[in-house]
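Peer 1: Please read through the structure below; I'll follow up with questions.
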Amino acid sequence: MVKLKAFTLFDSLIAVTITAIIMSTLSLSYGYLIDSDKPMGSMVAQAELPKLLNNLKESKSYFNESIDKEAYKIEQIVEQYKGNTKLFLVTFNIIVNSKITYSEQHLIENEER
Amino acid sequence: MSKIGYRVKSSAMFYALFLLSIVSIVIAGLFQLSSLNQQLEFKLELESILVNNSKSGLVYAKAYFQELPSNQETTIRLFDKGIDSVVISKRNWGGYQIIESKAVHNSNSFTKVVLVGSQDETQLSNLYLADQGRPLSLCGKTRLEGSCLLPKSGIKRAYISGQNYQGTDLIYGSKHDSKKQLPKINDELILNLNLSSGQKQEWNNDIEDLKVPFDSIGIHLFSNNPIYINSQTLKGQIVVESADSIVVSSNSVLADVILKSPKIIIEENFRGSFQCLANQNISIEKNVVLEYPSVLGLVETKNGLKASSIYISTNVQLIGSVFLLSESPDFRKPIKLSVEEESIINGFVYCDGQTELKGTINGSLYTKSFYLKTASSAYQNHLLNAKISDNLPDEFISIPLLEQSNRIKTIKWLN
């Protein structure tokens, strides 16, 4: 094995510093990875959205609504689309831990006309 | 060498650097994995966004239908933020229209194509008989249901071929006065019927199975000779046109296609859905089933020796629309629609000429006059054993034939 020449103390100090940098980078990366991953609740809520949209179309109840579940909250916002009475813009926001994790928008016909 | 200046050989630095490289590789790997995961997640999310956007694009196109230019692509931003670009277009498909909505993001796209028609907002009458100064006479088991617009001279019982009117009421619904002319038709629709679309190809009898999706370029099969569609399968965006005539045999499979010719004959026992556009004659032989959304359209362009007509034989079922118009009407040779016994048309029928109704129309019939030919005589504005019923669902979608406020609705998804 090739051995690098160095003072033991200096050498050790550098080694400790490098190790400290490595540890902090590792924990930062781990934190970043965990943070970037979508919470499970958000994914469960996402799967609920097509059903909610269908219900909205069928019931013709074009109102804002909020669905609170243990792991997530779905916010349904219904508004007229650019002043056109024939259309509604529906926005679904999925909120997990007070943070909007996912949002999607749809145009639907106003069947009540 | 003194003891102080003595350098101890150590491998600590080496180990630290070694560890650094290992950990760097691990971190790089983790970042790579995370990035891949995010890319995959974005791809899936993008797919879902594009599907949603293309559907929203269709809704937008239906709402702004009149403003949309025909046969031209229009790019819109749906929500003015994020991934929301959609390219929408509309084009004619016989009596109906096709809307195409393509959601795009960089090189990714998703397309939805639908066939649309119109749902009447003002509620069509079940019977509209133009006021030509003659009353309507009912005989036998004739039954009129729903909203009827009739001449001011009214409606009465009559006796033909030994058959009295058997009903208790003359109309099982409401009666209103009609005008001298039928409600005006949508000229744009008639003009667009003759628009040619798709890649022109000579008709070939060897075609066995031809399917053309609606999100690609259509095919227009043409021949100057008569065309006999026999044991062939034609589905999708196909127009079959003959300068002479088209005959469809019962063992052919037709779906969503358009047939164009001066004369069209559908042989008995055929079953399928298509649009028939002719300018002289259409003949539907017995036991034919024309599934929704079929169209029989006759637009008489010039007066021949014989009157142009649509003949529907016995025991025929049709769900869709039927219309007969003349560009040069001749009161001596009016265009004619004949519906024989036990035949039923579910949908909208518009005849700017004479109608001989012996079967049933479930929906709406707009006609200038009725005629009835028996073995012994011919009668004007008489109905014998005919039925007009009001059992069509409110959601029924027909061709946008009348010039009035209509709501554009989806008939079927084409891809």
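Residue numbers start at 1 in each chain; chains themselves are named A, B, ... in the order of the structure tokens; ligands are numbered from 1 in the order shown.
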Need the shell around region 35-50 of chain B: protein/DNA/RNA residues with any atom at most 8 Å away, counting only C-alpha atoms. Skip same-chain ones fewer than 3 positions apart. Format as a PyMOL selection string?

Peer 2: (chain A and resi 104) or (chain B and resi 31-32+53-54+83+103-105+109-110)

Peer 1: Would you list which chain A residues are within 8 Å of chain B using only C-alpha atoms, as number ranges by chain?

Peer 2: A: 3-8, 11-12, 14-16, 18-19, 22, 26, 29, 33, 86-87, 104-109

Peer 1: Neighbours of region 359-367 of chain B within 8 Å (only C-alpha atoms; same-chain residues fewer than 3 positions away dropped), as an MDAnalysis selection string?

Peer 2: chainID B and resid 124:130 182 339:355 370 385:392

Peer 1: Can you tell me, as JSON, numbers by chain, what residues are no more than 10 Å from Lys60 (chain A) when counting only C-alpha atoms, ignoring any on the same chain fewer than 3 positions away?

Peer 2: {"A": [54, 55, 56, 57, 63, 109, 110, 111, 112]}

Peer 1: Considering only C-alpha atoms, return as JSON, numbers by chain whatever protein or nucleic-acid residues lie within 8 Å of Gly41 (chain A), sequence-local ones (same chain, fewer than 2 positions apart) excluded.

Peer 2: {"A": [39, 43, 44, 45, 71, 72, 96]}

Peer 1: Keeping only C-alpha atoms, write the selected residues as a compact mmCIF listing (two decimals), in the first residue's frame.

Peer 2:
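Saved as out-v3.txt:
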# COMPACT_ATOMS: atom_id res chain seq x y z
CA PRO A 39 -45.61 12.39 0.94
CA MET A 43 -50.31 10.45 -3.69
CA VAL A 44 -53.39 8.94 -2.06
CA ALA A 45 -55.17 12.28 -2.46
CA ALA A 71 -53.18 12.45 6.01
CA TYR A 72 -54.20 15.17 3.58
CA VAL A 96 -50.18 17.93 3.34

Peer 1: Among region 295-397 of chain B, which residues carry a DSSP assignment of strand (DSSP E), reported as a PyMOL selection string?

Peer 2: chain B and resi 295-300+309-312+317-326+336-339+344-357+360-373+378-380+382-384+387-389

Peer 1: Grab the residues selected above and save them as a compact mmCIF listing (two decimals), in the first residue's frame with C-alpha atoms.

Peer 2:
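Printed below is part.txt as written:
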# COMPACT_ATOMS: atom_id res chain seq x y z
CA VAL B 295 -77.21 9.94 -41.04
CA LEU B 296 -79.21 9.72 -44.23
CA GLY B 297 -78.87 13.02 -46.07
CA LEU B 298 -80.26 13.89 -49.45
CA VAL B 299 -79.58 17.26 -51.01
CA GLU B 300 -81.20 17.48 -54.45
CA SER B 309 -86.15 10.43 -52.53
CA ILE B 310 -85.20 8.41 -49.50
CA TYR B 311 -86.96 5.09 -49.24
CA ILE B 312 -86.88 3.17 -45.96
CA GLN B 317 -84.23 0.66 -37.42
CA LEU B 318 -82.29 3.88 -37.59
CA ILE B 319 -80.83 5.93 -34.76
CA GLY B 320 -79.55 9.30 -35.86
CA SER B 321 -80.76 11.90 -38.33
CA VAL B 322 -82.47 11.99 -41.71
CA PHE B 323 -82.75 15.07 -43.88
CA LEU B 324 -84.02 15.82 -47.37
CA LEU B 325 -83.45 19.20 -48.98
CA SER B 326 -83.61 20.61 -52.47
CA LYS B 336 -89.95 12.42 -50.94
CA LEU B 337 -89.32 10.43 -47.81
CA SER B 338 -91.04 7.07 -47.41
CA VAL B 339 -90.97 5.14 -44.18
CA ILE B 344 -88.60 3.10 -36.72
CA ILE B 345 -86.44 6.19 -36.86
CA ASN B 346 -85.10 7.34 -33.51
CA GLY B 347 -83.90 10.90 -33.86
CA PHE B 348 -84.46 13.94 -35.99
CA VAL B 349 -86.09 13.91 -39.43
CA TYR B 350 -86.27 17.00 -41.63
CA CYS B 351 -88.01 16.72 -45.01
CA ASP B 352 -88.43 19.85 -47.09
CA GLY B 353 -90.87 17.93 -49.28
CA GLN B 354 -93.40 15.14 -48.87
CA THR B 355 -93.30 12.42 -46.23
CA GLU B 356 -95.10 9.12 -46.48
CA LEU B 357 -95.04 7.79 -42.96
CA THR B 360 -92.72 5.24 -36.36
CA ILE B 361 -90.64 8.30 -35.71
CA ASN B 362 -89.45 8.53 -32.15
CA GLY B 363 -88.20 12.07 -31.83
CA SER B 364 -88.92 14.88 -34.25
CA LEU B 365 -90.34 15.09 -37.73
CA TYR B 366 -90.29 18.37 -39.65
CA THR B 367 -92.04 18.05 -43.00
CA LYS B 368 -93.60 20.32 -45.56
CA SER B 369 -96.47 17.90 -46.17
CA PHE B 370 -97.58 14.30 -45.85
CA TYR B 371 -98.74 12.08 -48.65
CA LEU B 372 -100.27 8.66 -48.61
CA LYS B 373 -100.56 6.28 -51.50
CA ALA B 378 -103.37 9.06 -53.21
CA TYR B 379 -104.02 11.49 -50.36
CA GLN B 380 -102.44 14.74 -49.21
CA HIS B 382 -103.08 12.00 -44.42
CA LEU B 383 -101.56 9.59 -41.98
CA LEU B 384 -102.58 5.95 -41.76
CA LYS B 387 -96.77 6.95 -35.09
CA ILE B 388 -94.81 9.94 -33.83
CA SER B 389 -93.63 9.36 -30.30

Peer 1: So, with only C-alpha atoms as the atoms that count, which of B:Ile227, B:Ile258, B:Ile155, B:Val86 lies closest to Ala243 (chain B)?

Peer 2: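 Residue with the minimum atom-to-atom distance to Ala243 (chain B): B:Ile227.
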
Peer 1: What does the distance between CA of Asn279 (chain B) and CA of Lys263 (chain B) come to in Å, to one decimal place?

Peer 2: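 Computing the Euclidean distance for CA of Asn279 (chain B) and CA of Lys263 (chain B) yields 7.2 Å.
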